[in-house]
Amino acid sequence: MLAGGPLTFSNPLPLAGYADAIVMGEADELIHDVLSVLESASSKSAALAALAQLPHVFVPSAHGASLPSIAKCSDERLPAYSAIRTPDTELSNMFLIETERGCSRACRYCVMRRSTNGGMRLVPKERLLELVPEGVTKVGLVGAAVSDHPKIAEIVRALTARSCHVGLSSLRPDRLSDDFVGALREGGYRTLTTAMDGPSERLRESLERRARIKHLQRAAELARAHGMKRLKLYLMIGLPSETDADIDECAAFVSELAGIVPIALGIAPFCAKRNTPLDKSPFAGITTVNARLDRLRRGLKGRADVRGTSARWAWVEYVLAQGGEVEGLAVREAVLRGGSFADYKRAFEALAPARATAKRSLFVLGS
Ligand code: SF4
């Protein structure tokens, strides 16, 4: 099995027990070398031996747990875009295209921060527009920080003028302007979605997020001014150093925003990722995350729609994000036992003594 994708920027080790080879990072160019090896090799072992010699290809049987570096393709290869459009996908018939690759920001929890592969590489507006085929009615603009493209409002307006419905994968609150939100509304947006990230100003600063109270207030005002149905905010809880006071600040502030426009909160527990400044930060614990979620729900009752993802499954995500090959193989055990959370917990807990003996305290068990 050959694997790859965004996961490789952080931690592909849980896949090591399943994949014969893993292409690390941007495969746009490297995939051609990999396919040449696979076509010409006389046997699987010969193919793996040859793949292990390629830069940026991780072959677990040859490399153990030592990962090769991440590939970066030349800028001329950008952007990636849909080769196939079909109604039989989640984003039915949508033409997906990158507006840029990478990011110029430095959020401390993020794998795609500016230190990764040289930061943001922009796709010129003209190049992007010429690549969108005539007759396409749905366009998805994709990238780590799509709204940071300096011509983003012009791109959205140009596509809207071609009768395209436009979707963006990420909007940063400090990039929202009257012109941009107006363009989004013309492009079919009914909900303005952006990231609040931390529950309090103190935590947002500690994450090195540029989103501030004033940007979120402005986002709410722009959503109302342009007739959006609601403002949806993504938020993490269970962050390092977080206390109930941060949650209370969040409830008070979101209540204030709800006086401007209806608010929906999408909440995910924080899971530290490898290859980030917050790598190895502990998981807050299932009990703590659930208590904070309840506190926020109580504080916002009747004022905002609060939806949180499961703290239990976030803990599973955390173990895999921080884990290695044995955690990956434990997933197989859990799935074979039925795949419930209890099955995962049992499979991971069975690893804990071995991990402690090896003095590799990679994860804190949930409670
Ligand atoms: S703006 Fe988004 S992509 Fe960029 S560093 Fe922050 S979280 Fe990552």
# chains A, B, ... in the order shown; residues from 1 in each chain; ligands from 1

$ residues_around --residues "range 238-250 of chain A" --least-positions-apart "4" --cutoff "9 Å" --atoms "only C-alpha atoms" --output "list in words"
Gly198, Pro199, Ser200, Glu201, Arg202, Leu203, Val254, Ser255, Ala268, Pro269, Phe270, Cys271, Leu278, Ser281, Pro282, Phe283, Ala284, Gly285, Thr288, Val289, Arg292, Leu293, Arg295, Leu296 and Gly299 of chain A

$ closest_atom_pairs --of "chain A" --to "ligand 1" --cutoff "12 Å" --atoms "only C-alpha atoms and all ligand atoms" --output "tab-separated table"
residue	atom	partner	partner_atom_place_in_ligand_line	distance
A:Glu100	CA	ligand 1	3 (S)	10.9
A:Arg101	CA	ligand 1	3 (S)	9.5
A:Gly102	CA	ligand 1	3 (S)	6.8
A:Cys103	CA	ligand 1	4 (Fe)	4.6
A:Ser104	CA	ligand 1	4 (Fe)	6.3
A:Arg105	CA	ligand 1	5 (S)	4.4
A:Ala106	CA	ligand 1	5 (S)	4.6
A:Cys107	CA	ligand 1	6 (Fe)	4.3
A:Arg108	CA	ligand 1	5 (S)	7.3
A:Tyr109	CA	ligand 1	7 (S)	7.2
A:Cys110	CA	ligand 1	8 (Fe)	4.5
A:Val111	CA	ligand 1	8 (Fe)	6.4
A:Met112	CA	ligand 1	8 (Fe)	4.9
A:Arg113	CA	ligand 1	5 (S)	3.8
A:Arg114	CA	ligand 1	5 (S)	6.4
A:Ser115	CA	ligand 1	5 (S)	9.1
A:Thr116	CA	ligand 1	5 (S)	9.4
A:Gly119	CA	ligand 1	4 (Fe)	8.9
A:Met120	CA	ligand 1	4 (Fe)	8.8
A:Val142	CA	ligand 1	3 (S)	11.4
A:Gly143	CA	ligand 1	3 (S)	8.0
A:Ala144	CA	ligand 1	3 (S)	4.3
A:Ala145	CA	ligand 1	3 (S)	5.2
A:Val146	CA	ligand 1	3 (S)	8.9
A:Ser147	CA	ligand 1	1 (S)	9.3
A:Asp148	CA	ligand 1	1 (S)	8.4
A:His149	CA	ligand 1	1 (S)	11.7
A:Ser169	CA	ligand 1	2 (Fe)	10.5
A:Ser170	CA	ligand 1	2 (Fe)	7.7
A:Leu171	CA	ligand 1	2 (Fe)	8.8
A:Arg172	CA	ligand 1	1 (S)	6.9
A:Pro173	CA	ligand 1	1 (S)	10.1
A:Asp174	CA	ligand 1	1 (S)	10.4
A:Arg175	CA	ligand 1	1 (S)	10.7
A:Thr194	CA	ligand 1	2 (Fe)	10.6
A:Ala195	CA	ligand 1	7 (S)	8.9
A:Met196	CA	ligand 1	7 (S)	10.7
A:Asp197	CA	ligand 1	7 (S)	8.7
A:Gly198	CA	ligand 1	7 (S)	11.5
A:Arg204	CA	ligand 1	6 (Fe)	11.1
A:Leu207	CA	ligand 1	6 (Fe)	9.0
A:Glu208	CA	ligand 1	6 (Fe)	8.3
A:Arg209	CA	ligand 1	6 (Fe)	6.7
A:Arg210	CA	ligand 1	1 (S)	8.4
A:Ala211	CA	ligand 1	1 (S)	9.5
A:Tyr234	CA	ligand 1	7 (S)	11.3
A:Leu235	CA	ligand 1	7 (S)	11.6
A:Met236	CA	ligand 1	7 (S)	11.6
A:Lys273	CA	ligand 1	8 (Fe)	11.9
A:Thr276	CA	ligand 1	5 (S)	10.0
A:Pro277	CA	ligand 1	5 (S)	11.3

$ select_by_dssp --residues "range 269-302 of chain A" --states "helix (DSSP H, G or I)" --output "list in words"
Ile286, Thr287, Thr288, Val289, Asn290, Ala291, Arg292, Leu293, Asp294, Arg295, Leu296, Arg297, Arg298 and Gly299 of chain A

$ write_last_selection --atoms "C-alpha atoms" --output "PDB file, in the first residue's frame"
ATOM      1  CA  ILE A 286     -12.283  13.948  28.691  1.00  0.00           C
ATOM      2  CA  THR A 287     -13.852  14.992  32.007  1.00  0.00           C
ATOM      3  CA  THR A 288     -12.356  18.486  31.859  1.00  0.00           C
ATOM      4  CA  VAL A 289     -13.342  19.030  28.231  1.00  0.00           C
ATOM      5  CA  ASN A 290     -16.913  17.898  28.889  1.00  0.00           C
ATOM      6  CA  ALA A 291     -17.135  20.131  31.981  1.00  0.00           C
ATOM      7  CA  ARG A 292     -15.966  23.165  29.981  1.00  0.00           C
ATOM      8  CA  LEU A 293     -18.376  22.349  27.173  1.00  0.00           C
ATOM      9  CA  ASP A 294     -21.241  22.128  29.680  1.00  0.00           C
ATOM     10  CA  ARG A 295     -20.199  25.398  31.272  1.00  0.00           C
ATOM     11  CA  LEU A 296     -20.207  27.119  27.888  1.00  0.00           C
ATOM     12  CA  ARG A 297     -23.581  25.604  26.980  1.00  0.00           C
ATOM     13  CA  ARG A 298     -25.077  26.810  30.260  1.00  0.00           C
ATOM     14  CA  GLY A 299     -23.576  30.288  29.776  1.00  0.00           C
TER      15      GLY A 299
END

$ residues_around --residues "Ala49 in chain A" --least-positions-apart "3" --cutoff "10 Å" --atoms "only C-alpha atoms" --output "PyMOL selection string"
chain A and resi 37+41+43-46+52-54+59+61-62

$ atom_distance --atom1 "CA of Gly324 in chain A" --atom2 "CA of Gly17 in chain A"
9.3 Å

$ residues_around --residues "range 19-28 of chain A" --least-positions-apart "4" --cutoff "8 Å" --atoms "only C-alpha atoms" --output "number ranges by chain"
A: 1-6, 8-9, 12, 15, 32, 48, 51, 56-61, 68-73, 77

$ select_by_dssp --residues "range 6-241 of chain A" --states "strand (DSSP E)" --output "ChimeraX atom specification"
/A:21-23,57-58,95-98,100-101,121-122,138-142,165-168,191-197,230-237

$ write_last_selection --atoms "N, CA and C atoms" --output "compact mmCIF listing (two decimals), in the first residue's frame"
# COMPACT_ATOMS: atom_id res chain seq x y z
N ALA A 21 4.88 2.11 1.76
CA ALA A 21 5.65 3.33 1.54
C ALA A 21 4.72 4.54 1.69
N ILE A 22 5.28 5.65 2.20
CA ILE A 22 4.49 6.86 2.42
C ILE A 22 5.23 8.04 1.79
N VAL A 23 4.54 8.73 0.88
CA VAL A 23 5.14 9.90 0.23
C VAL A 23 4.97 11.09 1.16
N VAL A 57 10.54 9.83 0.53
CA VAL A 57 9.65 8.66 0.56
C VAL A 57 10.01 7.83 1.79
N PHE A 58 9.04 7.64 2.65
CA PHE A 58 9.23 6.91 3.91
C PHE A 58 8.84 5.44 3.68
N PHE A 95 -15.84 22.17 -8.72
CA PHE A 95 -14.47 22.26 -9.24
C PHE A 95 -13.61 22.88 -8.14
N LEU A 96 -12.65 22.11 -7.64
CA LEU A 96 -11.80 22.57 -6.54
C LEU A 96 -10.47 23.08 -7.10
N ILE A 97 -10.03 24.21 -6.58
CA ILE A 97 -8.76 24.76 -7.05
C ILE A 97 -8.08 25.53 -5.91
N GLU A 98 -6.76 25.41 -5.84
CA GLU A 98 -6.01 26.13 -4.80
C GLU A 98 -5.86 27.61 -5.17
N GLU A 100 -3.82 29.33 -3.02
CA GLU A 100 -2.43 29.43 -2.57
C GLU A 100 -2.10 28.13 -1.87
N ARG A 101 -0.83 27.92 -1.64
CA ARG A 101 -0.43 26.75 -0.84
C ARG A 101 0.39 27.26 0.34
N ARG A 121 2.52 30.35 -0.79
CA ARG A 121 2.86 30.54 -2.22
C ARG A 121 1.55 30.84 -2.95
N LEU A 122 1.46 32.05 -3.47
CA LEU A 122 0.20 32.52 -4.06
C LEU A 122 0.04 32.07 -5.50
N LYS A 138 -20.12 25.36 -9.82
CA LYS A 138 -19.71 25.39 -8.41
C LYS A 138 -18.19 25.34 -8.33
N VAL A 139 -17.60 26.32 -7.65
CA VAL A 139 -16.14 26.37 -7.52
C VAL A 139 -15.79 26.41 -6.04
N GLY A 140 -14.89 25.53 -5.63
CA GLY A 140 -14.40 25.54 -4.26
C GLY A 140 -12.97 26.06 -4.25
N LEU A 141 -12.74 27.17 -3.55
CA LEU A 141 -11.39 27.74 -3.45
C LEU A 141 -10.73 27.13 -2.21
N VAL A 142 -9.59 26.50 -2.43
CA VAL A 142 -9.01 25.66 -1.40
C VAL A 142 -7.63 26.19 -1.01
N HIS A 165 -21.39 29.41 -8.16
CA HIS A 165 -21.53 29.42 -6.71
C HIS A 165 -20.13 29.16 -6.16
N VAL A 166 -19.69 30.01 -5.22
CA VAL A 166 -18.29 29.92 -4.76
C VAL A 166 -18.25 29.50 -3.29
N GLY A 167 -17.40 28.53 -2.99
CA GLY A 167 -17.17 28.12 -1.60
C GLY A 167 -15.71 28.31 -1.25
N LEU A 168 -15.44 28.78 -0.03
CA LEU A 168 -14.06 28.98 0.43
C LEU A 168 -13.79 28.06 1.62
N THR A 191 -24.37 31.78 5.35
CA THR A 191 -23.76 31.74 6.69
C THR A 191 -22.30 32.20 6.55
N LEU A 192 -21.90 33.15 7.35
CA LEU A 192 -20.50 33.58 7.34
C LEU A 192 -19.77 32.76 8.40
N THR A 193 -18.76 32.03 7.96
CA THR A 193 -18.06 31.12 8.87
C THR A 193 -16.62 31.55 9.03
N THR A 194 -16.20 31.70 10.26
CA THR A 194 -14.80 32.08 10.50
C THR A 194 -14.33 31.46 11.82
N ALA A 195 -13.08 31.72 12.17
CA ALA A 195 -12.50 31.04 13.34
C ALA A 195 -12.28 32.02 14.49
N MET A 196 -12.76 31.60 15.65
CA MET A 196 -12.51 32.36 16.88
C MET A 196 -11.30 31.75 17.59
N ASP A 197 -11.13 30.46 17.40
CA ASP A 197 -9.99 29.67 17.87
C ASP A 197 -9.91 29.49 19.37
N ARG A 230 -26.57 33.75 9.68
CA ARG A 230 -25.86 33.59 10.96
C ARG A 230 -24.36 33.74 10.75
N LEU A 231 -23.69 33.90 11.89
CA LEU A 231 -22.22 33.87 11.91
C LEU A 231 -21.83 32.58 12.63
N LYS A 232 -21.05 31.77 11.94
CA LYS A 232 -20.59 30.53 12.57
C LYS A 232 -19.12 30.69 12.96
N LEU A 233 -18.83 30.35 14.21
CA LEU A 233 -17.47 30.52 14.72
C LEU A 233 -16.91 29.18 15.16
N TYR A 234 -15.71 28.89 14.69
CA TYR A 234 -15.03 27.68 15.15
C TYR A 234 -14.14 28.02 16.35
N LEU A 235 -14.12 27.09 17.27
CA LEU A 235 -13.47 27.37 18.55
C LEU A 235 -12.85 26.08 19.09
N MET A 236 -11.68 26.22 19.72
CA MET A 236 -11.09 25.06 20.43
C MET A 236 -11.22 25.29 21.93
N ILE A 237 -11.47 24.23 22.65
CA ILE A 237 -11.39 24.31 24.11
C ILE A 237 -10.45 23.20 24.61

$ atom_distance --atom1 "CA of Tyr18 in chain A" --atom2 "CA of Arg332 in chain A"
9.8 Å

$ atom_distance --atom1 "CA of Asp88 in chain A" --atom2 "CA of Glu134 in chain A"
20.6 Å

$ residues_around --residues "Val156 in chain A" --least-positions-apart "6" --cutoff "7 Å" --atoms "only C-alpha atoms" --output "MDAnalysis selection string"
chainID A and resid 166 183:184 187

$ closest_residue --among "A:Pro133, A:Asp305, A:Phe348, A:Arg212" --to "Arg85 in chain A" --atoms "only C-alpha atoms"
A:Pro133

$ residues_around --residues "Glu154 in chain A" --least-positions-apart "2" --cutoff "12 Å" --atoms "only C-alpha atoms" --output "JSON, numbers by chain"
{"A": [124, 125, 126, 128, 129, 147, 149, 150, 151, 152, 156, 157, 158, 159, 160, 161, 179, 180, 181, 182, 183, 184, 187]}

$ write_last_selection --atoms "N, CA and C atoms" --output "PDB file, in the first residue's frame"
ATOM      1  N   PRO A 124      -1.504  33.435  -8.934  1.00  0.00           N
ATOM      2  CA  PRO A 124      -2.025  34.703  -9.460  1.00  0.00           C
ATOM      3  C   PRO A 124      -3.500  34.582  -9.851  1.00  0.00           C
ATOM      4  N   LYS A 125      -4.224  35.673  -9.628  1.00  0.00           N
ATOM      5  CA  LYS A 125      -5.666  35.683  -9.922  1.00  0.00           C
ATOM      6  C   LYS A 125      -5.944  35.240 -11.367  1.00  0.00           C
ATOM      7  N   GLU A 126      -5.178  35.776 -12.321  1.00  0.00           N
ATOM      8  CA  GLU A 126      -5.431  35.493 -13.732  1.00  0.00           C
ATOM      9  C   GLU A 126      -5.248  33.999 -14.033  1.00  0.00           C
ATOM     10  N   LEU A 128      -5.532  31.528 -11.948  1.00  0.00           N
ATOM     11  CA  LEU A 128      -6.616  30.782 -11.307  1.00  0.00           C
ATOM     12  C   LEU A 128      -7.893  30.858 -12.151  1.00  0.00           C
ATOM     13  N   LEU A 129      -8.232  32.061 -12.600  1.00  0.00           N
ATOM     14  CA  LEU A 129      -9.491  32.221 -13.337  1.00  0.00           C
ATOM     15  C   LEU A 129      -9.455  31.501 -14.681  1.00  0.00           C
ATOM     16  N   SER A 147      -8.497  33.220   2.515  1.00  0.00           N
ATOM     17  CA  SER A 147      -8.858  34.649   2.596  1.00  0.00           C
ATOM     18  C   SER A 147      -7.628  35.548   2.696  1.00  0.00           C
ATOM     19  N   HIS A 149      -5.361  35.574   0.452  1.00  0.00           N
ATOM     20  CA  HIS A 149      -4.964  35.940  -0.917  1.00  0.00           C
ATOM     21  C   HIS A 149      -5.300  37.420  -1.125  1.00  0.00           C
ATOM     22  N   PRO A 150      -4.325  38.244  -1.561  1.00  0.00           N
ATOM     23  CA  PRO A 150      -4.605  39.687  -1.650  1.00  0.00           C
ATOM     24  C   PRO A 150      -5.707  40.043  -2.644  1.00  0.00           C
ATOM     25  N   LYS A 151      -6.013  39.135  -3.577  1.00  0.00           N
ATOM     26  CA  LYS A 151      -7.049  39.439  -4.584  1.00  0.00           C
ATOM     27  C   LYS A 151      -8.311  38.601  -4.358  1.00  0.00           C
ATOM     28  N   ILE A 152      -8.525  38.150  -3.155  1.00  0.00           N
ATOM     29  CA  ILE A 152      -9.602  37.167  -2.936  1.00  0.00           C
ATOM     30  C   ILE A 152     -10.990  37.734  -3.276  1.00  0.00           C
ATOM     31  N   VAL A 156     -13.518  36.144  -6.123  1.00  0.00           N
ATOM     32  CA  VAL A 156     -14.898  35.715  -5.841  1.00  0.00           C
ATOM     33  C   VAL A 156     -15.869  36.453  -6.760  1.00  0.00           C
ATOM     34  N   ARG A 157     -15.659  37.748  -6.920  1.00  0.00           N
ATOM     35  CA  ARG A 157     -16.563  38.529  -7.786  1.00  0.00           C
ATOM     36  C   ARG A 157     -16.480  38.061  -9.242  1.00  0.00           C
ATOM     37  N   ALA A 158     -15.280  37.774  -9.721  1.00  0.00           N
ATOM     38  CA  ALA A 158     -15.119  37.333 -11.120  1.00  0.00           C
ATOM     39  C   ALA A 158     -15.841  36.000 -11.337  1.00  0.00           C
ATOM     40  N   LEU A 159     -15.765  35.113 -10.366  1.00  0.00           N
ATOM     41  CA  LEU A 159     -16.435  33.810 -10.509  1.00  0.00           C
ATOM     42  C   LEU A 159     -17.949  33.963 -10.412  1.00  0.00           C
ATOM     43  N   THR A 160     -18.383  34.835  -9.510  1.00  0.00           N
ATOM     44  CA  THR A 160     -19.818  35.091  -9.362  1.00  0.00           C
ATOM     45  C   THR A 160     -20.388  35.662 -10.667  1.00  0.00           C
ATOM     46  N   ALA A 161     -19.589  36.534 -11.314  1.00  0.00           N
ATOM     47  CA  ALA A 161     -20.042  37.117 -12.585  1.00  0.00           C
ATOM     48  C   ALA A 161     -20.199  36.048 -13.661  1.00  0.00           C
ATOM     49  N   ASP A 179     -16.309  44.813   1.304  1.00  0.00           N
ATOM     50  CA  ASP A 179     -16.243  44.383  -0.088  1.00  0.00           C
ATOM     51  C   ASP A 179     -16.209  42.856  -0.188  1.00  0.00           C
ATOM     52  N   PHE A 180     -15.402  42.250   0.649  1.00  0.00           N
ATOM     53  CA  PHE A 180     -15.223  40.792   0.593  1.00  0.00           C
ATOM     54  C   PHE A 180     -16.504  40.059   1.018  1.00  0.00           C
ATOM     55  N   VAL A 181     -17.095  40.496   2.119  1.00  0.00           N
ATOM     56  CA  VAL A 181     -18.318  39.830   2.590  1.00  0.00           C
ATOM     57  C   VAL A 181     -19.452  40.058   1.576  1.00  0.00           C
ATOM     58  N   GLY A 182     -19.469  41.248   0.956  1.00  0.00           N
ATOM     59  CA  GLY A 182     -20.455  41.508  -0.104  1.00  0.00           C
ATOM     60  C   GLY A 182     -20.267  40.533  -1.267  1.00  0.00           C
ATOM     61  N   ALA A 183     -19.007  40.289  -1.630  1.00  0.00           N
ATOM     62  CA  ALA A 183     -18.722  39.350  -2.730  1.00  0.00           C
ATOM     63  C   ALA A 183     -19.166  37.936  -2.342  1.00  0.00           C
ATOM     64  N   LEU A 184     -18.934  37.568  -1.096  1.00  0.00           N
ATOM     65  CA  LEU A 184     -19.352  36.229  -0.639  1.00  0.00           C
ATOM     66  C   LEU A 184     -20.868  36.077  -0.703  1.00  0.00           C
ATOM     67  N   GLY A 187     -21.913  35.499  -4.036  1.00  0.00           N
ATOM     68  CA  GLY A 187     -21.499  34.146  -4.438  1.00  0.00           C
ATOM     69  C   GLY A 187     -22.336  33.054  -3.808  1.00  0.00           C
TER      70      GLY A 187
END

$ residues_around --residues "Val316 in chain A" --least-positions-apart "5" --cutoff "12 Å" --atoms "only C-alpha atoms" --output "number ranges by chain"
A: 269-272, 283, 285-286, 310-311, 321-323, 327-328, 330-331, 334, 339-349, 363-367

$ write_last_selection --atoms "N, CA and C atoms" --output "mmCIF file, in the first residue's frame"
data_model
loop_
_atom_site.group_PDB
_atom_site.id
_atom_site.type_symbol
_atom_site.label_atom_id
_atom_site.label_comp_id
_atom_site.auth_asym_id
_atom_site.auth_seq_id
_atom_site.Cartn_x
_atom_site.Cartn_y
_atom_site.Cartn_z
ATOM 1 N N PRO A 269 -12.315 19.923 20.754
ATOM 2 C CA PRO A 269 -11.273 19.884 21.789
ATOM 3 C C PRO A 269 -9.882 19.990 21.146
ATOM 4 N N PHE A 270 -9.000 20.680 21.826
ATOM 5 C CA PHE A 270 -7.634 20.853 21.315
ATOM 6 C C PHE A 270 -6.869 19.528 21.387
ATOM 7 N N CYS A 271 -6.232 19.160 20.269
ATOM 8 C CA CYS A 271 -5.372 17.970 20.211
ATOM 9 C C CYS A 271 -4.019 18.405 19.665
ATOM 10 N N ALA A 272 -2.990 18.347 20.485
ATOM 11 C CA ALA A 272 -1.662 18.797 20.042
ATOM 12 C C ALA A 272 -1.160 17.929 18.893
ATOM 13 N N PHE A 283 -3.318 16.308 26.502
ATOM 14 C CA PHE A 283 -4.759 16.419 26.279
ATOM 15 C C PHE A 283 -5.394 16.854 27.600
ATOM 16 N N GLY A 285 -8.086 16.186 28.954
ATOM 17 C CA GLY A 285 -8.826 15.124 29.675
ATOM 18 C C GLY A 285 -10.298 15.183 29.287
ATOM 19 N N ILE A 286 -10.888 14.021 29.144
ATOM 20 C CA ILE A 286 -12.283 13.948 28.691
ATOM 21 C C ILE A 286 -13.211 14.630 29.698
ATOM 22 N N SER A 310 -17.143 15.251 20.063
ATOM 23 C CA SER A 310 -16.975 14.383 21.221
ATOM 24 C C SER A 310 -15.581 14.478 21.845
ATOM 25 N N ALA A 311 -15.554 14.687 23.156
ATOM 26 C CA ALA A 311 -14.270 14.717 23.873
ATOM 27 C C ALA A 311 -13.612 13.340 23.834
ATOM 28 N N ALA A 321 -2.491 11.334 16.955
ATOM 29 C CA ALA A 321 -1.698 12.487 16.500
ATOM 30 C C ALA A 321 -0.307 12.465 17.121
ATOM 31 N N GLN A 322 -0.233 11.998 18.369
ATOM 32 C CA GLN A 322 1.041 11.998 19.081
ATOM 33 C C GLN A 322 1.747 10.634 19.016
ATOM 34 N N GLY A 323 1.047 9.613 18.567
ATOM 35 C CA GLY A 323 1.555 8.250 18.697
ATOM 36 C C GLY A 323 2.426 7.800 17.540
ATOM 37 N N GLU A 327 0.544 2.607 18.242
ATOM 38 C CA GLU A 327 -0.797 3.194 18.405
ATOM 39 C C GLU A 327 -1.622 2.954 17.130
ATOM 40 N N GLY A 328 -0.953 3.064 15.984
ATOM 41 C CA GLY A 328 -1.643 2.798 14.720
ATOM 42 C C GLY A 328 -2.157 1.364 14.665
ATOM 43 N N ALA A 330 -2.849 -0.493 17.163
ATOM 44 C CA ALA A 330 -3.919 -0.671 18.164
ATOM 45 C C ALA A 330 -5.291 -0.323 17.577
ATOM 46 N N VAL A 331 -5.304 0.545 16.573
ATOM 47 C CA VAL A 331 -6.578 0.883 15.913
ATOM 48 C C VAL A 331 -7.188 -0.384 15.309
ATOM 49 N N ALA A 334 -8.843 -2.324 17.953
ATOM 50 C CA ALA A 334 -10.102 -1.690 18.369
ATOM 51 C C ALA A 334 -11.201 -1.946 17.347
ATOM 52 N N GLY A 339 -15.065 -1.457 17.348
ATOM 53 C CA GLY A 339 -14.875 -0.057 16.964
ATOM 54 C C GLY A 339 -15.541 0.962 17.853
ATOM 55 N N SER A 340 -16.044 0.548 19.031
ATOM 56 C CA SER A 340 -16.642 1.547 19.932
ATOM 57 C C SER A 340 -15.524 2.302 20.655
ATOM 58 N N PHE A 341 -15.893 3.385 21.333
ATOM 59 C CA PHE A 341 -14.882 4.123 22.100
ATOM 60 C C PHE A 341 -14.237 3.212 23.146
ATOM 61 N N ALA A 342 -15.047 2.371 23.791
ATOM 62 C CA ALA A 342 -14.496 1.467 24.808
ATOM 63 C C ALA A 342 -13.444 0.541 24.199
ATOM 64 N N ASP A 343 -13.662 0.126 22.956
ATOM 65 C CA ASP A 343 -12.680 -0.743 22.289
ATOM 66 C C ASP A 343 -11.363 0.000 22.051
ATOM 67 N N TYR A 344 -11.478 1.259 21.648
ATOM 68 C CA TYR A 344 -10.258 2.065 21.446
ATOM 69 C C TYR A 344 -9.540 2.289 22.780
ATOM 70 N N LYS A 345 -10.312 2.603 23.799
ATOM 71 C CA LYS A 345 -9.713 2.905 25.113
ATOM 72 C C LYS A 345 -8.947 1.673 25.617
ATOM 73 N N ARG A 346 -9.587 0.516 25.484
ATOM 74 C CA ARG A 346 -8.945 -0.721 25.957
ATOM 75 C C ARG A 346 -7.655 -0.970 25.154
ATOM 76 N N ALA A 347 -7.736 -0.786 23.844
ATOM 77 C CA ALA A 347 -6.560 -1.066 22.999
ATOM 78 C C ALA A 347 -5.407 -0.103 23.312
ATOM 79 N N PHE A 348 -5.721 1.158 23.545
ATOM 80 C CA PHE A 348 -4.652 2.131 23.850
ATOM 81 C C PHE A 348 -4.117 1.933 25.261
ATOM 82 N N GLU A 349 -5.017 1.642 26.186
ATOM 83 C CA GLU A 349 -4.570 1.470 27.576
ATOM 84 C C GLU A 349 -3.655 0.254 27.705
ATOM 85 N N PHE A 363 1.273 9.955 25.551
ATOM 86 C CA PHE A 363 -0.107 10.370 25.681
ATOM 87 C C PHE A 363 -0.619 10.204 27.110
ATOM 88 N N VAL A 364 -1.592 11.023 27.407
ATOM 89 C CA VAL A 364 -2.244 10.964 28.717
ATOM 90 C C VAL A 364 -3.589 10.307 28.502
ATOM 91 N N LEU A 365 -3.861 9.269 29.226
ATOM 92 C CA LEU A 365 -5.130 8.588 29.013
ATOM 93 C C LEU A 365 -6.300 9.465 29.406
ATOM 94 N N GLY A 366 -7.377 9.363 28.636
ATOM 95 C CA GLY A 366 -8.578 10.114 28.978
ATOM 96 C C GLY A 366 -9.241 9.519 30.208
ATOM 97 N N SER A 367 -10.101 10.268 30.805
ATOM 98 C CA SER A 367 -10.819 9.734 31.959
ATOM 99 C C SER A 367 -12.292 10.025 31.784
#

$ decode --residues "range 152-163 of chain A" --atoms "N, CA and C atoms" --output "PDB file, in the first residue's frame"
ATOM      1  N   ILE A 152      -8.525  38.150  -3.155  1.00  0.00           N
ATOM      2  CA  ILE A 152      -9.602  37.167  -2.936  1.00  0.00           C
ATOM      3  C   ILE A 152     -10.990  37.734  -3.276  1.00  0.00           C
ATOM      4  N   ALA A 153     -11.241  39.001  -2.907  1.00  0.00           N
ATOM      5  CA  ALA A 153     -12.576  39.557  -3.210  1.00  0.00           C
ATOM      6  C   ALA A 153     -12.771  39.646  -4.720  1.00  0.00           C
ATOM      7  N   GLU A 154     -11.714  40.037  -5.447  1.00  0.00           N
ATOM      8  CA  GLU A 154     -11.817  40.126  -6.916  1.00  0.00           C
ATOM      9  C   GLU A 154     -12.046  38.748  -7.529  1.00  0.00           C
ATOM     10  N   ILE A 155     -11.377  37.738  -6.995  1.00  0.00           N
ATOM     11  CA  ILE A 155     -11.549  36.374  -7.525  1.00  0.00           C
ATOM     12  C   ILE A 155     -12.995  35.917  -7.323  1.00  0.00           C
ATOM     13  N   VAL A 156     -13.518  36.144  -6.123  1.00  0.00           N
ATOM     14  CA  VAL A 156     -14.898  35.715  -5.841  1.00  0.00           C
ATOM     15  C   VAL A 156     -15.869  36.453  -6.760  1.00  0.00           C
ATOM     16  N   ARG A 157     -15.659  37.748  -6.920  1.00  0.00           N
ATOM     17  CA  ARG A 157     -16.563  38.529  -7.786  1.00  0.00           C
ATOM     18  C   ARG A 157     -16.480  38.061  -9.242  1.00  0.00           C
ATOM     19  N   ALA A 158     -15.280  37.774  -9.721  1.00  0.00           N
ATOM     20  CA  ALA A 158     -15.119  37.333 -11.120  1.00  0.00           C
ATOM     21  C   ALA A 158     -15.841  36.000 -11.337  1.00  0.00           C
ATOM     22  N   LEU A 159     -15.765  35.113 -10.366  1.00  0.00           N
ATOM     23  CA  LEU A 159     -16.435  33.810 -10.509  1.00  0.00           C
ATOM     24  C   LEU A 159     -17.949  33.963 -10.412  1.00  0.00           C
ATOM     25  N   THR A 160     -18.383  34.835  -9.510  1.00  0.00           N
ATOM     26  CA  THR A 160     -19.818  35.091  -9.362  1.00  0.00           C
ATOM     27  C   THR A 160     -20.388  35.662 -10.667  1.00  0.00           C
ATOM     28  N   ALA A 161     -19.589  36.534 -11.314  1.00  0.00           N
ATOM     29  CA  ALA A 161     -20.042  37.117 -12.585  1.00  0.00           C
ATOM     30  C   ALA A 161     -20.199  36.048 -13.661  1.00  0.00           C
ATOM     31  N   ARG A 162     -19.531  34.891 -13.467  1.00  0.00           N
ATOM     32  CA  ARG A 162     -19.687  33.778 -14.417  1.00  0.00           C
ATOM     33  C   ARG A 162     -20.775  32.815 -13.935  1.00  0.00           C
ATOM     34  N   SER A 163     -21.610  33.284 -13.022  1.00  0.00           N
ATOM     35  CA  SER A 163     -22.737  32.502 -12.464  1.00  0.00           C
ATOM     36  C   SER A 163     -22.270  31.283 -11.673  1.00  0.00           C
TER      37      SER A 163
END
